[in-house]
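Written below as structure tokens is the structure these notes are about.
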Amino acid sequence: MSSTTTPATPTRTWLPLAVVLTTQMMIVLDSAIVNIALPDMQQALHIAPADLSWVVNAYTLAFGGLLLLGARAGDLFGRRTVFAVGMTLFTAASLLGGFADAGSHLFLARAAQGVGAALVAPSALAILMGLYPQPRDRTRAIGYYTIVSASGAAIGLIAGGLLTSYASWRWVMFVNVPIGLVVLALSRAALPGSRSQRGRIDVAGSLLSTAGMTALVYGFISAAAHGWGSGSAVGSFVASAVLLAAFVAVERRVAQPVVPLHLFADRERVVAYTSRLLLVAGSMGAFFFLSQYFQLVLGWSPVRTGLAFVPFPVSVFISSQLATRVLVPRVGGRAVMLVGMTMSLVGLVLLTWVGVGTTYAQLVVSMVVFALGNGTAFVPLTEAGMVRVAQHEAGVASGLVNVTQQLGGAVGLAVLVTVFATAGPGAASGPGASAAAKELFVLGADRGFGVAAGLIAVAVALLVSLSARRRTPRPVAVPTEAVLEPAA
């Protein structure tokens, strides 16, 4: 029996939308907000330099590894229920992380945050899609979701800089607590309830997907830290391939799979997932290298560095609203995806010309072009990942959207850090570096921007092939009731 929602919420009800968007902001922001606070965390908790990356990696591993299981849990046990459990865990872990008095305690709190996020994220997006049954209203809601998803990393850098400089590193954790409590208080009344499906968790598929995804994410983390040829990276990738192959074999046989494989039969949806992964991977270059460039080459403070990214969320807001209200309804999602991706590609190509003497006024042009492209592309990309999906499988589809975003971040960092290292040893690692060290840093960053542009160029090529070969409608092996309709 499929999941059935309670009577439809009016499409103009803003409280449920506000709850979902606030939740998504917390999750996306939490991946970036700790980055600027890392030096303070290391000093306060006496974390060894080799272990510092686990402040980020513990969250990434738990989030990425459990997303598919969290998505299926929402479909089976009710999305509002799973949402509440995940938000409670996320909020409690944030509180404990803020009070951490040792590095190991902080790592555990970050991992618990990741588990909570894995339960919350897919349920939130599936709830959002169910709130707006009309394509026009759904496209607008996705536009707001896009603003949060595409600009969350930049907002995290801004918030991290302000909180670390004017309060304490502990507030990058504490800030989630009051927000989480408000969301929990509102969620029961604001979010529509749903009846649980008759069914059970596919235990074998759940274990294999969790282990396989965790190994895959850890492989990229190891590649970024130790190189692609390191034993930990190669071993993780081999283990991931074996585990995910076994997962696919199990999913072909079970009656109630964690991930119904027919979701990958829709070519447009698969291209949207792949393009989203590549766009996020390429975007990591802009944030990773620019945040360091401002501090190491220009010598800016964390606060000034954070504020330098303000044009990014502003540009994403403008372009996503333009895409939502004008472009998608008039020219269709495929064309808008292609335009947005191309603009993002141009923005990254412009960044490959960055030098030691480049001014912020010159940089901001490239940043704005890149951000406008992201805001334009993310709206139809998100919608294409969810359309033509039966309502009782919306949680799984939204989980796949989130998986591609998480994998994109891991892939981007692994690839771009490796490319950066090809510039050679001795690159600037502090504001007082020599002119030669700064030149070496810029050389590595420019190479990173170039490879990031190449990743997005692959996505552009995929979208061109999709537009050139128009999809022929064919029967989809899903129940016909409550299917999410495609956008214009």
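If you're wondering about the labels, chains in the structure tokens are A, B, ... by order shown, residues count from 1 in each chain, ligands from 1 in order shown.
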
> Can you tell me, as an NGL selection string, what residues are no more than 9 Å from Ile318 in chain A when counting only C-alpha atoms, ignoring any on the same chain fewer than 2 positions away?
Replying inline: :A and (147 or 313-316 or 320-323 or 372 or 375-376)

>> I want to know what sits within 9 Å of Ala435 in chain A, based on only C-alpha atoms, with residues of the same chain fewer than 4 positions away left out; could you give that as a PyMOL selection string?
In response: chain A and resi 297+356+428+439-440

Would you save the residues of that selection, restricted to C-alpha atoms, as a compact mmCIF listing (two decimals), in the first residue's frame?
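Final output, saved to again-v3.txt:
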```
# COMPACT_ATOMS: atom_id res chain seq x y z
CA VAL A 297 47.14 35.77 -0.96
CA VAL A 356 48.54 37.35 -7.36
CA ALA A 428 51.34 29.59 0.43
CA GLU A 439 52.61 32.58 -7.01
CA LEU A 440 52.75 28.81 -6.54
```

With only C-alpha atoms counted and 10 Å as the cut-off, give the residues of range 66-100 of chain A in contact with range 400-407 of chain A, each with its shortest interatomic distance in Å and the pair that gives it, as JSON lines.
```
{"residue": "A:Leu66", "atom": "CA", "partner": "A:Val403", "partner_atom": "CA", "distance": 9.4}
{"residue": "A:Leu67", "atom": "CA", "partner": "A:Val403", "partner_atom": "CA", "distance": 6.5}
{"residue": "A:Leu68", "atom": "CA", "partner": "A:Leu400", "partner_atom": "CA", "distance": 7.1}
{"residue": "A:Ala71", "atom": "CA", "partner": "A:Leu400", "partner_atom": "CA", "distance": 8.4}
```

How about saving the chosen residues, all heavy atoms kept, as an mmCIF file, in the first residue's frame?
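The result, stored in result29.cif:
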```cif
data_model
loop_
_atom_site.group_PDB
_atom_site.id
_atom_site.type_symbol
_atom_site.label_atom_id
_atom_site.label_comp_id
_atom_site.auth_asym_id
_atom_site.auth_seq_id
_atom_site.Cartn_x
_atom_site.Cartn_y
_atom_site.Cartn_z
ATOM 1 N N LEU A 66 24.402 7.135 4.818
ATOM 2 C CA LEU A 66 23.070 6.737 5.297
ATOM 3 C C LEU A 66 21.917 7.386 4.541
ATOM 4 O O LEU A 66 20.755 7.151 4.882
ATOM 5 C CB LEU A 66 22.942 7.071 6.790
ATOM 6 C CG LEU A 66 23.821 6.231 7.726
ATOM 7 C CD1 LEU A 66 23.828 6.819 9.129
ATOM 8 C CD2 LEU A 66 23.345 4.792 7.758
ATOM 9 N N LEU A 67 22.205 8.183 3.529
ATOM 10 C CA LEU A 67 21.139 8.916 2.834
ATOM 11 C C LEU A 67 20.097 7.993 2.202
ATOM 12 O O LEU A 67 18.889 8.237 2.320
ATOM 13 C CB LEU A 67 21.747 9.821 1.759
ATOM 14 C CG LEU A 67 21.912 11.289 2.135
ATOM 15 C CD1 LEU A 67 22.727 12.031 1.080
ATOM 16 C CD2 LEU A 67 20.571 11.961 2.339
ATOM 17 N N LEU A 68 20.541 6.943 1.522
ATOM 18 C CA LEU A 68 19.579 6.058 0.855
ATOM 19 C C LEU A 68 18.705 5.334 1.874
ATOM 20 O O LEU A 68 17.494 5.184 1.676
ATOM 21 C CB LEU A 68 20.318 5.053 -0.027
ATOM 22 C CG LEU A 68 21.042 5.643 -1.234
ATOM 23 C CD1 LEU A 68 21.767 4.545 -2.004
ATOM 24 C CD2 LEU A 68 20.065 6.370 -2.147
ATOM 25 N N ALA A 71 16.215 7.834 3.242
ATOM 26 C CA ALA A 71 15.145 8.105 2.281
ATOM 27 C C ALA A 71 14.087 7.009 2.307
ATOM 28 O O ALA A 71 12.883 7.275 2.322
ATOM 29 C CB ALA A 71 15.732 8.239 0.879
#
```

> Hey, which of A:Ala189, A:Ala410, A:Leu15, A:Val28 ends up closest to Ala225 in chain A? Count only C-alpha atoms.
Replying inline: A:Ala410

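Taking only C-alpha atoms, the non-local environment of range 265-272 of chain A within 7 Å (same-chain residues fewer than 6 positions away omitted) comprises Leu381, Ala384, Gly385 and Leu462 of chain A.
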
> How would you write, as a ChimeraX atom specification, the set of residues in range 224-407 of chain A that DSSP gives as helix (DSSP H, G or I)?
Replying inline: /A:224-226,231-253,261-265,267-297,302-307,311-331,333-351,360-384,391-407

Determine, counting only C-alpha atoms, which protein, DNA and RNA residues have an atom within 12 Å of an atom of Val148 in chain A; residues of the same chain fewer than 4 positions away are not included. Present the result as a PDB file with N, CA and C atoms, in the first residue's frame.
```pdb
ATOM      1  N   ALA A  18       8.447  27.297   4.832  1.00  0.00           N
ATOM      2  CA  ALA A  18       9.489  27.901   5.669  1.00  0.00           C
ATOM      3  C   ALA A  18      10.190  26.839   6.506  1.00  0.00           C
ATOM      4  N   VAL A  20      10.569  23.587   5.772  1.00  0.00           N
ATOM      5  CA  VAL A  20      11.412  22.772   4.898  1.00  0.00           C
ATOM      6  C   VAL A  20      12.671  23.536   4.487  1.00  0.00           C
ATOM      7  N   LEU A  21      12.514  24.802   4.118  1.00  0.00           N
ATOM      8  CA  LEU A  21      13.667  25.586   3.661  1.00  0.00           C
ATOM      9  C   LEU A  21      14.647  25.847   4.798  1.00  0.00           C
ATOM     10  N   THR A  22      14.140  26.108   5.992  1.00  0.00           N
ATOM     11  CA  THR A  22      15.026  26.300   7.142  1.00  0.00           C
ATOM     12  C   THR A  22      15.811  25.029   7.433  1.00  0.00           C
ATOM     13  N   THR A  23      15.149  23.898   7.302  1.00  0.00           N
ATOM     14  CA  THR A  23      15.815  22.612   7.504  1.00  0.00           C
ATOM     15  C   THR A  23      16.926  22.405   6.491  1.00  0.00           C
ATOM     16  N   GLN A  24      16.620  22.648   5.225  1.00  0.00           N
ATOM     17  CA  GLN A  24      17.633  22.473   4.184  1.00  0.00           C
ATOM     18  C   GLN A  24      18.802  23.424   4.397  1.00  0.00           C
ATOM     19  N   MET A  25      18.517  24.648   4.842  1.00  0.00           N
ATOM     20  CA  MET A  25      19.591  25.604   5.108  1.00  0.00           C
ATOM     21  C   MET A  25      20.511  25.081   6.208  1.00  0.00           C
ATOM     22  N   MET A  26      19.939  24.533   7.282  1.00  0.00           N
ATOM     23  CA  MET A  26      20.757  23.986   8.362  1.00  0.00           C
ATOM     24  C   MET A  26      21.678  22.887   7.857  1.00  0.00           C
ATOM     25  N   ILE A  27      21.140  22.005   7.021  1.00  0.00           N
ATOM     26  CA  ILE A  27      21.911  20.851   6.558  1.00  0.00           C
ATOM     27  C   ILE A  27      23.038  21.283   5.624  1.00  0.00           C
ATOM     28  N   VAL A  28      22.723  22.123   4.641  1.00  0.00           N
ATOM     29  CA  VAL A  28      23.734  22.551   3.675  1.00  0.00           C
ATOM     30  C   VAL A  28      24.772  23.436   4.349  1.00  0.00           C
ATOM     31  N   LEU A  29      24.304  24.365   5.177  1.00  0.00           N
ATOM     32  CA  LEU A  29      25.197  25.293   5.854  1.00  0.00           C
ATOM     33  C   LEU A  29      26.167  24.555   6.768  1.00  0.00           C
ATOM     34  N   ALA A 141       8.339  26.656  -5.621  1.00  0.00           N
ATOM     35  CA  ALA A 141       8.864  26.145  -4.358  1.00  0.00           C
ATOM     36  C   ALA A 141      10.284  25.616  -4.541  1.00  0.00           C
ATOM     37  N   ILE A 142      10.523  24.915  -5.645  1.00  0.00           N
ATOM     38  CA  ILE A 142      11.860  24.413  -5.924  1.00  0.00           C
ATOM     39  C   ILE A 142      12.833  25.564  -6.143  1.00  0.00           C
ATOM     40  N   GLY A 143      12.328  26.683  -6.667  1.00  0.00           N
ATOM     41  CA  GLY A 143      13.179  27.861  -6.810  1.00  0.00           C
ATOM     42  C   GLY A 143      13.723  28.325  -5.469  1.00  0.00           C
ATOM     43  N   TYR A 144      12.856  28.355  -4.454  1.00  0.00           N
ATOM     44  CA  TYR A 144      13.321  28.735  -3.116  1.00  0.00           C
ATOM     45  C   TYR A 144      14.264  27.678  -2.542  1.00  0.00           C
ATOM     46  N   GLY A 152      23.983  27.775   0.141  1.00  0.00           N
ATOM     47  CA  GLY A 152      24.219  27.402   1.529  1.00  0.00           C
ATOM     48  C   GLY A 152      25.684  27.398   1.907  1.00  0.00           C
ATOM     49  N   ALA A 153      26.551  26.926   0.997  1.00  0.00           N
ATOM     50  CA  ALA A 153      27.979  26.885   1.305  1.00  0.00           C
ATOM     51  C   ALA A 153      28.536  28.288   1.497  1.00  0.00           C
ATOM     52  N   ALA A 154      28.138  29.227   0.615  1.00  0.00           N
ATOM     53  CA  ALA A 154      28.614  30.607   0.753  1.00  0.00           C
ATOM     54  C   ALA A 154      28.091  31.236   2.045  1.00  0.00           C
ATOM     55  N   ILE A 155      26.823  30.987   2.356  1.00  0.00           N
ATOM     56  CA  ILE A 155      26.260  31.527   3.597  1.00  0.00           C
ATOM     57  C   ILE A 155      26.961  30.911   4.805  1.00  0.00           C
ATOM     58  N   GLY A 156      27.343  29.625   4.691  1.00  0.00           N
ATOM     59  CA  GLY A 156      28.073  28.979   5.768  1.00  0.00           C
ATOM     60  C   GLY A 156      29.421  29.633   6.016  1.00  0.00           C
ATOM     61  N   PHE A 312      27.419  35.997  -3.873  1.00  0.00           N
ATOM     62  CA  PHE A 312      27.020  34.672  -4.370  1.00  0.00           C
ATOM     63  C   PHE A 312      25.564  34.358  -4.045  1.00  0.00           C
ATOM     64  N   PRO A 313      25.143  34.352  -2.763  1.00  0.00           N
ATOM     65  CA  PRO A 313      23.722  34.053  -2.500  1.00  0.00           C
ATOM     66  C   PRO A 313      22.774  35.076  -3.097  1.00  0.00           C
ATOM     67  N   VAL A 314      23.201  36.347  -3.184  1.00  0.00           N
ATOM     68  CA  VAL A 314      22.345  37.366  -3.809  1.00  0.00           C
ATOM     69  C   VAL A 314      22.115  37.026  -5.276  1.00  0.00           C
ATOM     70  N   VAL A 316      22.427  34.055  -6.708  1.00  0.00           N
ATOM     71  CA  VAL A 316      21.638  32.820  -6.795  1.00  0.00           C
ATOM     72  C   VAL A 316      20.160  33.124  -6.603  1.00  0.00           C
ATOM     73  N   PHE A 317      19.844  33.996  -5.650  1.00  0.00           N
ATOM     74  CA  PHE A 317      18.441  34.363  -5.424  1.00  0.00           C
ATOM     75  C   PHE A 317      17.831  34.979  -6.680  1.00  0.00           C
ATOM     76  N   SER A 320      17.629  32.286  -9.624  1.00  0.00           N
ATOM     77  CA  SER A 320      16.679  31.196  -9.387  1.00  0.00           C
ATOM     78  C   SER A 320      15.237  31.694  -9.494  1.00  0.00           C
ATOM     79  N   ASN A 374      24.600  28.929 -11.478  1.00  0.00           N
ATOM     80  CA  ASN A 374      24.163  27.927 -10.508  1.00  0.00           C
ATOM     81  C   ASN A 374      22.691  28.086 -10.161  1.00  0.00           C
ATOM     82  N   GLY A 375      22.273  29.319  -9.871  1.00  0.00           N
ATOM     83  CA  GLY A 375      20.886  29.558  -9.520  1.00  0.00           C
ATOM     84  C   GLY A 375      19.929  29.198 -10.634  1.00  0.00           C
ATOM     85  N   PHE A 378      20.079  24.991 -11.036  1.00  0.00           N
ATOM     86  CA  PHE A 378      19.636  24.118  -9.952  1.00  0.00           C
ATOM     87  C   PHE A 378      18.122  23.951  -9.915  1.00  0.00           C
ATOM     88  N   VAL A 379      17.360  24.944 -10.354  1.00  0.00           N
ATOM     89  CA  VAL A 379      15.889  24.822 -10.320  1.00  0.00           C
ATOM     90  C   VAL A 379      15.425  23.654 -11.182  1.00  0.00           C
TER      91      VAL A 379
END
```

> Which residue gives the smallest distance to Gly373 in chain A among A:Ser168, A:Gln113, A:Thr342, A:Thr359, with only C-alpha atoms counted?
Replying inline: A:Thr342

> range 78-95 of chain A: which residues within 10 Å, counting only C-alpha atoms, same-chain residues fewer than 5 positions away excluded, as number ranges by chain?
Replying inline: A: 3-5, 23, 26-27, 30, 70-73, 100, 106, 108-127, 170-181, 183-185, 187-188, 190-197, 395

> Skipping near chain neighbours, those fewer than 4 positions away, what residues fall within 7 Å of Met343 in chain A using only C-alpha atoms, listed as a list in words?
Replying inline: Val339, Gly347, Val369, Phe370 and Gly373 of chain A

>> What does the structure give for the distance between CA of Ala414 in chain A and CA of Ala223 in chain A, in Å to one decimal?
In response: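 Calculated distance between CA of Ala414 in chain A and CA of Ala223 in chain A is 5.6 Å.
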
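Here CA of Val419 in chain A and CA of Thr382 in chain A stand 29.1 Å from one another.
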
>> Taking only C-alpha atoms into account, name the residue in A:Gly205, A:Gly227, A:Gly299, A:Gly306 that is nearest to Leu416 in chain A.
In response: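 Comparing A:Gly205, A:Gly227, A:Gly299, A:Gly306 against Leu416 in chain A, the winner is A:Gly227.
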